[in-house]
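Enquirer: Pasting a structure here, questions to come.
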Amino acid sequence: MQVKQIESIGDVADANWNALAGSDYPFIRHEFLAALEESGSVSESTGWVPRHLLVYDDAELIALLPLYLKTHSYGEYVFDQQWAAAYRQHGLAYYPKWLTAIPFTPCPGPRLLVKEAVNRASVMRLMREFIREQSIDEGISSWHCLFPVEQEAGQWQSQGLSLREGVQYHWFNRGARSFGDYLETFNAAKRKMIRRERRKVGEAGVEMRRVPGDQVTDGEWQAFYRFYALTYLKNASRPYLTADFFRRCAAAMGGRMLLVQGLKHGKTVAAALSFIGSDTLYGRYWGCAEAFDSLHFEACYYQGLEYCIEHGLQRFDSGAQGEHKIARGFEPVPTYSLHWLKDPAFAEAIENFLTRERQAVKIYRLNAADYLPFKK
């Protein structure tokens with residue numbers, strides 16, 4: 001087996017990449033990552049330099065790992081800025097660092113893709129050693145793998161990486177046949193709360209519409225992007241993604257996208273965009289032109305829940321953070337990241353910190369589950 005490092009996902013044929021990526025998880029497919037690079041959302045100027053790893057057995061591609069050289073920690077959703085500050089205080093450089101992640105996408109999924117019948121542990125050792133040597137040769141401080149699935153996280157931990165845990169809130173279909181059926185599992189107070197929130201949207205004169213991504217018009221994409229950008233501008237920051245990124249995604253994988261629109265008097269006033277996996281809906285982006293009571297909950301959660309129930313999807317991953325999701329039936333679940341630091345002293349200190357942090361996160365997750373709205 002030999003490792004090859006490429007500077008653009010365009011350096012490998014989409015069919016070869018997707019043969020390993022499969023169709024279950026949309027964000028690791030060639031077309032999604034290519035849209036990030038080709039739109040300029042991921043580039044040297046944005047601090048995300050593609051350096052993907054490919055493993056070949058003779059001429060056959062048998063494994064791949066998305067990899068970026070990062071000069072900051074923005075757009076990652078696993079926060080290590082305090083680690084960077086500690087490096088600075090000791091006169092060391094934390095950046096650049098290696099990052100295995102889906103840019104701007106905190107959705108758990110596979111990160112290392114390996115052909116069936118190939119020994120994963122051997123591939124992992126090969127890639128880990130390649131990254132270690134590159135880090136020494138190029139003066140790179142560390143390597144971080146964000147939001148892998150649980151099994152892969154355990155495998156990387158067995159390869160000597162430090163495990164970090166976090167919490168997100170996901171919805172699981174426990175056999176609901178309709179949204180009303182789902183609400184019947186709630187206690188009376190929370191059931192009334194959700195019905196009231198949905199009613200307020202209608203009383204404000206806002207009509208909800210769900211449009212498959214491949215049926216969204218250019219004008220509707222332009223309106224959506226304005227809403228998306230406003231979400232960042234309201235917080236005095238710049239949007240991570242360009243309008244061209246969404247156009248490219250729609251052209252390449254529109255059938256795996258869902259746009260929820262809120263309309264008043266026929267004019268779109270809000271929109272939420274999701275991606276569709278084999279059994280999971282991934283809520284990703286939201287924005288609005290003006291505020292309406294409970295419209296965020298309707299567009300970002302309730303419309304997605306209805307879609308999942310109607311189409312037989314078993315999970316709704318609505319994105320990072322958001323304790324308010326608990327009262328709406330989104331369950332606290334663990335997320336994982338893996339970390340390797342070249343400096344032995346910092347590696348030991350951070351491993352000790354993560355050991356304590358994991359226990360605190362576990363306690364938080366168990367306590368958060370006590371606030372789920374379901375009947376006891």
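In the structure tokens, chains take letters A, B, ... by order of appearance, with residues numbered from 1 within each chain and ligands from 1 in the order shown.
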Residues at most 9 Å from stretch 236-247 of chain A, counting only C-alpha atoms, excluding those fewer than 5 positions away in the same chain, as a ChimeraX atom specification?
Expert: /A:32,35-42,46,75,104,218,221-222,225-226,228-231,252
Enquirer: Once you have the residues from the selection above, write them out as a PDB file, in the first residue's frame, restricted to N, CA and C atoms.
Expert:
```pdb
ATOM      1  N   PHE A  32     -20.091  16.979  -3.178  1.00  0.00           N
ATOM      2  CA  PHE A  32     -20.219  17.951  -2.095  1.00  0.00           C
ATOM      3  C   PHE A  32     -18.872  18.614  -1.804  1.00  0.00           C
ATOM      4  N   ALA A  35     -17.837  20.904  -4.600  1.00  0.00           N
ATOM      5  CA  ALA A  35     -18.556  22.182  -4.587  1.00  0.00           C
ATOM      6  C   ALA A  35     -17.911  23.153  -3.605  1.00  0.00           C
ATOM      7  N   LEU A  36     -17.447  22.650  -2.470  1.00  0.00           N
ATOM      8  CA  LEU A  36     -16.748  23.505  -1.505  1.00  0.00           C
ATOM      9  C   LEU A  36     -15.478  24.092  -2.112  1.00  0.00           C
ATOM     10  N   GLU A  37     -14.695  23.254  -2.783  1.00  0.00           N
ATOM     11  CA  GLU A  37     -13.423  23.713  -3.340  1.00  0.00           C
ATOM     12  C   GLU A  37     -13.643  24.611  -4.559  1.00  0.00           C
ATOM     13  N   GLU A  38     -14.485  24.180  -5.480  1.00  0.00           N
ATOM     14  CA  GLU A  38     -14.644  24.897  -6.741  1.00  0.00           C
ATOM     15  C   GLU A  38     -15.368  26.231  -6.565  1.00  0.00           C
ATOM     16  N   SER A  39     -16.137  26.373  -5.488  1.00  0.00           N
ATOM     17  CA  SER A  39     -16.832  27.634  -5.225  1.00  0.00           C
ATOM     18  C   SER A  39     -15.954  28.630  -4.484  1.00  0.00           C
ATOM     19  N   GLY A  40     -14.764  28.194  -4.036  1.00  0.00           N
ATOM     20  CA  GLY A  40     -13.899  29.068  -3.271  1.00  0.00           C
ATOM     21  C   GLY A  40     -14.227  29.123  -1.791  1.00  0.00           C
ATOM     22  N   SER A  41     -15.229  28.359  -1.338  1.00  0.00           N
ATOM     23  CA  SER A  41     -15.553  28.323   0.093  1.00  0.00           C
ATOM     24  C   SER A  41     -14.421  27.676   0.878  1.00  0.00           C
ATOM     25  N   VAL A  42     -13.755  26.721   0.265  1.00  0.00           N
ATOM     26  CA  VAL A  42     -12.587  26.038   0.833  1.00  0.00           C
ATOM     27  C   VAL A  42     -11.401  26.344  -0.068  1.00  0.00           C
ATOM     28  N   THR A  46      -9.260  31.075   2.455  1.00  0.00           N
ATOM     29  CA  THR A  46     -10.196  30.929   3.567  1.00  0.00           C
ATOM     30  C   THR A  46      -9.607  30.121   4.715  1.00  0.00           C
ATOM     31  N   GLY A  75     -15.139  27.377  11.723  1.00  0.00           N
ATOM     32  CA  GLY A  75     -15.904  26.463  10.886  1.00  0.00           C
ATOM     33  C   GLY A  75     -15.746  25.000  11.247  1.00  0.00           C
ATOM     34  N   PHE A 104     -17.220  23.078   7.701  1.00  0.00           N
ATOM     35  CA  PHE A 104     -18.426  23.798   8.101  1.00  0.00           C
ATOM     36  C   PHE A 104     -19.620  22.869   8.340  1.00  0.00           C
ATOM     37  N   ASP A 218     -33.783  29.403  -9.760  1.00  0.00           N
ATOM     38  CA  ASP A 218     -32.650  30.301  -9.499  1.00  0.00           C
ATOM     39  C   ASP A 218     -33.041  31.433  -8.552  1.00  0.00           C
ATOM     40  N   TRP A 221     -33.179  30.165  -5.042  1.00  0.00           N
ATOM     41  CA  TRP A 221     -31.846  29.993  -4.469  1.00  0.00           C
ATOM     42  C   TRP A 221     -31.254  31.348  -4.073  1.00  0.00           C
ATOM     43  N   GLN A 222     -31.480  32.351  -4.883  1.00  0.00           N
ATOM     44  CA  GLN A 222     -30.972  33.684  -4.551  1.00  0.00           C
ATOM     45  C   GLN A 222     -31.608  34.197  -3.260  1.00  0.00           C
ATOM     46  N   TYR A 225     -30.104  32.352  -0.319  1.00  0.00           N
ATOM     47  CA  TYR A 225     -28.751  32.785   0.043  1.00  0.00           C
ATOM     48  C   TYR A 225     -28.784  34.117   0.777  1.00  0.00           C
ATOM     49  N   ARG A 226     -29.676  35.003   0.417  1.00  0.00           N
ATOM     50  CA  ARG A 226     -29.799  36.265   1.154  1.00  0.00           C
ATOM     51  C   ARG A 226     -30.142  35.994   2.613  1.00  0.00           C
ATOM     52  N   TYR A 228     -29.581  33.190   4.300  1.00  0.00           N
ATOM     53  CA  TYR A 228     -28.412  32.533   4.910  1.00  0.00           C
ATOM     54  C   TYR A 228     -27.353  33.562   5.288  1.00  0.00           C
ATOM     55  N   ALA A 229     -27.043  34.483   4.378  1.00  0.00           N
ATOM     56  CA  ALA A 229     -26.013  35.481   4.647  1.00  0.00           C
ATOM     57  C   ALA A 229     -26.436  36.423   5.771  1.00  0.00           C
ATOM     58  N   LEU A 230     -27.727  36.751   5.832  1.00  0.00           N
ATOM     59  CA  LEU A 230     -28.215  37.643   6.885  1.00  0.00           C
ATOM     60  C   LEU A 230     -27.993  37.056   8.268  1.00  0.00           C
ATOM     61  N   THR A 231     -28.071  35.730   8.383  1.00  0.00           N
ATOM     62  CA  THR A 231     -27.850  35.088   9.672  1.00  0.00           C
ATOM     63  C   THR A 231     -26.465  35.417  10.206  1.00  0.00           C
ATOM     64  N   ALA A 252     -25.447  19.309  -8.807  1.00  0.00           N
ATOM     65  CA  ALA A 252     -24.836  17.979  -8.720  1.00  0.00           C
ATOM     66  C   ALA A 252     -25.629  17.002  -7.861  1.00  0.00           C
TER      67      ALA A 252
END
```
Enquirer: Can you pull out every residue within 10 Å of stretch 185-189 of chain A, counting only C-alpha atoms, but drop anything in the same chain fewer than 4 positions away, and send it as a PyMOL selection string?
Expert: chain A and resi 174+176+180-181+193-194+327-329+372-376
Enquirer: Could you take the residues named above and write them with N, CA and C atoms, as a CSV table (one decimal), in the first residue's frame?
Expert:
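Wrote it out as again_15.csv, contents follow:
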```csv
chain,number,residue,atom,x,y,z
A,174,ARG,N,-39.4,6.7,16.6
A,174,ARG,CA,-39.7,5.6,17.5
A,174,ARG,C,-41.0,4.9,17.0
A,176,ALA,N,-43.4,6.6,14.9
A,176,ALA,CA,-44.5,7.5,14.6
A,176,ALA,C,-45.0,7.4,13.2
A,180,GLY,N,-48.9,14.1,14.4
A,180,GLY,CA,-49.9,14.0,15.5
A,180,GLY,C,-49.6,12.8,16.3
A,181,ASP,N,-49.3,11.7,15.7
A,181,ASP,CA,-48.9,10.4,16.4
A,181,ASP,C,-47.7,10.7,17.2
A,193,MET,N,-47.5,23.1,24.0
A,193,MET,CA,-46.5,24.1,23.6
A,193,MET,C,-46.3,24.0,22.1
A,194,ILE,N,-46.0,22.8,21.6
A,194,ILE,CA,-45.7,22.7,20.1
A,194,ILE,C,-46.9,23.0,19.3
A,327,ALA,N,-36.8,20.0,24.5
A,327,ALA,CA,-38.2,20.1,24.7
A,327,ALA,C,-39.0,19.7,23.5
A,328,ARG,N,-38.4,19.6,22.4
A,328,ARG,CA,-39.1,19.3,21.1
A,328,ARG,C,-38.8,17.8,20.7
A,329,GLY,N,-38.2,17.1,21.6
A,329,GLY,CA,-38.0,15.7,21.4
A,329,GLY,C,-36.7,15.2,20.8
A,372,LEU,N,-36.4,15.6,28.5
A,372,LEU,CA,-37.1,15.2,27.3
A,372,LEU,C,-38.6,15.2,27.6
A,373,PRO,N,-39.4,15.6,26.6
A,373,PRO,CA,-40.8,15.9,26.9
A,373,PRO,C,-41.7,14.6,26.9
A,374,PHE,N,-41.1,13.5,26.7
A,374,PHE,CA,-42.0,12.3,26.5
A,374,PHE,C,-42.7,11.9,27.8
A,375,LYS,N,-43.8,11.2,27.7
A,375,LYS,CA,-44.5,10.7,28.9
A,375,LYS,C,-43.6,9.7,29.6
A,376,LYS,N,-43.7,9.8,30.9
A,376,LYS,CA,-42.9,8.9,31.7
A,376,LYS,C,-43.6,7.5,31.7
```
Enquirer: Looking at only C-alpha atoms, which of A:Ser43, A:Ile140, A:Ile62, A:Glu116 is the one that sits closest to A:Pro103?
Expert: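 That would be A:Ser43, the residue with the smallest distance to A:Pro103.
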Enquirer: When you look at stretch 207-216 of chain A with a cut-off of 7 Å (counting only C-alpha atoms), what residues show up, excluding the ones that are within fewer than 5 positions of it in the same chain? I need them as a ChimeraX atom specification.
Expert: /A:202,221,250,254-264
Enquirer: Quick one: residues within 9 Å of stretch 289-292 of chain A, only C-alpha atoms, excluding same-chain residues fewer than 2 positions away - as a PDB file with N, CA, C and O atoms, in the first residue's frame?
Expert:
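As a result, part.pdb now contains:
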```
ATOM      1  N   LYS A 200     -49.186  29.605  15.828  1.00  0.00           N
ATOM      2  CA  LYS A 200     -48.764  31.001  15.719  1.00  0.00           C
ATOM      3  C   LYS A 200     -48.225  31.326  14.328  1.00  0.00           C
ATOM      4  O   LYS A 200     -48.435  32.428  13.817  1.00  0.00           O
ATOM      5  N   VAL A 201     -47.546  30.369  13.720  1.00  0.00           N
ATOM      6  CA  VAL A 201     -47.015  30.593  12.377  1.00  0.00           C
ATOM      7  C   VAL A 201     -48.156  30.798  11.388  1.00  0.00           C
ATOM      8  O   VAL A 201     -48.137  31.727  10.564  1.00  0.00           O
ATOM      9  N   ALA A 204     -49.885  34.131  11.839  1.00  0.00           N
ATOM     10  CA  ALA A 204     -49.115  35.260  11.298  1.00  0.00           C
ATOM     11  C   ALA A 204     -49.237  35.364   9.786  1.00  0.00           C
ATOM     12  O   ALA A 204     -48.662  36.275   9.168  1.00  0.00           O
ATOM     13  N   VAL A 206     -48.165  33.052   7.620  1.00  0.00           N
ATOM     14  CA  VAL A 206     -47.028  32.439   6.943  1.00  0.00           C
ATOM     15  C   VAL A 206     -47.405  31.026   6.510  1.00  0.00           C
ATOM     16  O   VAL A 206     -47.841  30.205   7.330  1.00  0.00           O
ATOM     17  N   ARG A 226     -29.676  35.003   0.417  1.00  0.00           N
ATOM     18  CA  ARG A 226     -29.799  36.265   1.154  1.00  0.00           C
ATOM     19  C   ARG A 226     -30.142  35.994   2.613  1.00  0.00           C
ATOM     20  O   ARG A 226     -29.565  36.606   3.523  1.00  0.00           O
ATOM     21  N   PHE A 227     -31.069  35.073   2.850  1.00  0.00           N
ATOM     22  CA  PHE A 227     -31.443  34.748   4.226  1.00  0.00           C
ATOM     23  C   PHE A 227     -30.262  34.126   4.973  1.00  0.00           C
ATOM     24  O   PHE A 227     -29.988  34.464   6.126  1.00  0.00           O
ATOM     25  N   LEU A 230     -27.727  36.751   5.832  1.00  0.00           N
ATOM     26  CA  LEU A 230     -28.215  37.643   6.885  1.00  0.00           C
ATOM     27  C   LEU A 230     -27.993  37.056   8.268  1.00  0.00           C
ATOM     28  O   LEU A 230     -27.734  37.787   9.230  1.00  0.00           O
ATOM     29  N   THR A 268     -41.413  34.902  -0.320  1.00  0.00           N
ATOM     30  CA  THR A 268     -40.611  34.105   0.607  1.00  0.00           C
ATOM     31  C   THR A 268     -39.985  35.009   1.660  1.00  0.00           C
ATOM     32  O   THR A 268     -39.311  35.993   1.338  1.00  0.00           O
ATOM     33  N   VAL A 269     -40.217  34.663   2.924  1.00  0.00           N
ATOM     34  CA  VAL A 269     -39.691  35.469   4.034  1.00  0.00           C
ATOM     35  C   VAL A 269     -38.690  34.697   4.891  1.00  0.00           C
ATOM     36  O   VAL A 269     -38.026  35.282   5.749  1.00  0.00           O
ATOM     37  N   ALA A 270     -38.573  33.393   4.661  1.00  0.00           N
ATOM     38  CA  ALA A 270     -37.629  32.573   5.427  1.00  0.00           C
ATOM     39  C   ALA A 270     -37.403  31.277   4.680  1.00  0.00           C
ATOM     40  O   ALA A 270     -38.226  30.857   3.849  1.00  0.00           O
ATOM     41  N   GLY A 287     -32.306  30.998   7.485  1.00  0.00           N
ATOM     42  CA  GLY A 287     -32.268  32.443   7.527  1.00  0.00           C
ATOM     43  C   GLY A 287     -33.653  33.016   7.270  1.00  0.00           C
ATOM     44  O   GLY A 287     -34.543  32.325   6.751  1.00  0.00           O
ATOM     45  N   SER A 294     -42.065  31.845  16.465  1.00  0.00           N
ATOM     46  CA  SER A 294     -41.991  30.378  16.309  1.00  0.00           C
ATOM     47  C   SER A 294     -41.675  29.916  14.891  1.00  0.00           C
ATOM     48  O   SER A 294     -41.657  28.711  14.632  1.00  0.00           O
ATOM     49  N   LEU A 295     -41.397  30.848  13.964  1.00  0.00           N
ATOM     50  CA  LEU A 295     -41.115  30.428  12.589  1.00  0.00           C
ATOM     51  C   LEU A 295     -39.832  29.612  12.501  1.00  0.00           C
ATOM     52  O   LEU A 295     -39.749  28.666  11.707  1.00  0.00           O
ATOM     53  N   HIS A 296     -38.831  29.946  13.301  1.00  0.00           N
ATOM     54  CA  HIS A 296     -37.589  29.167  13.292  1.00  0.00           C
ATOM     55  C   HIS A 296     -37.864  27.715  13.668  1.00  0.00           C
ATOM     56  O   HIS A 296     -37.364  26.787  13.025  1.00  0.00           O
TER      57      HIS A 296
END
```
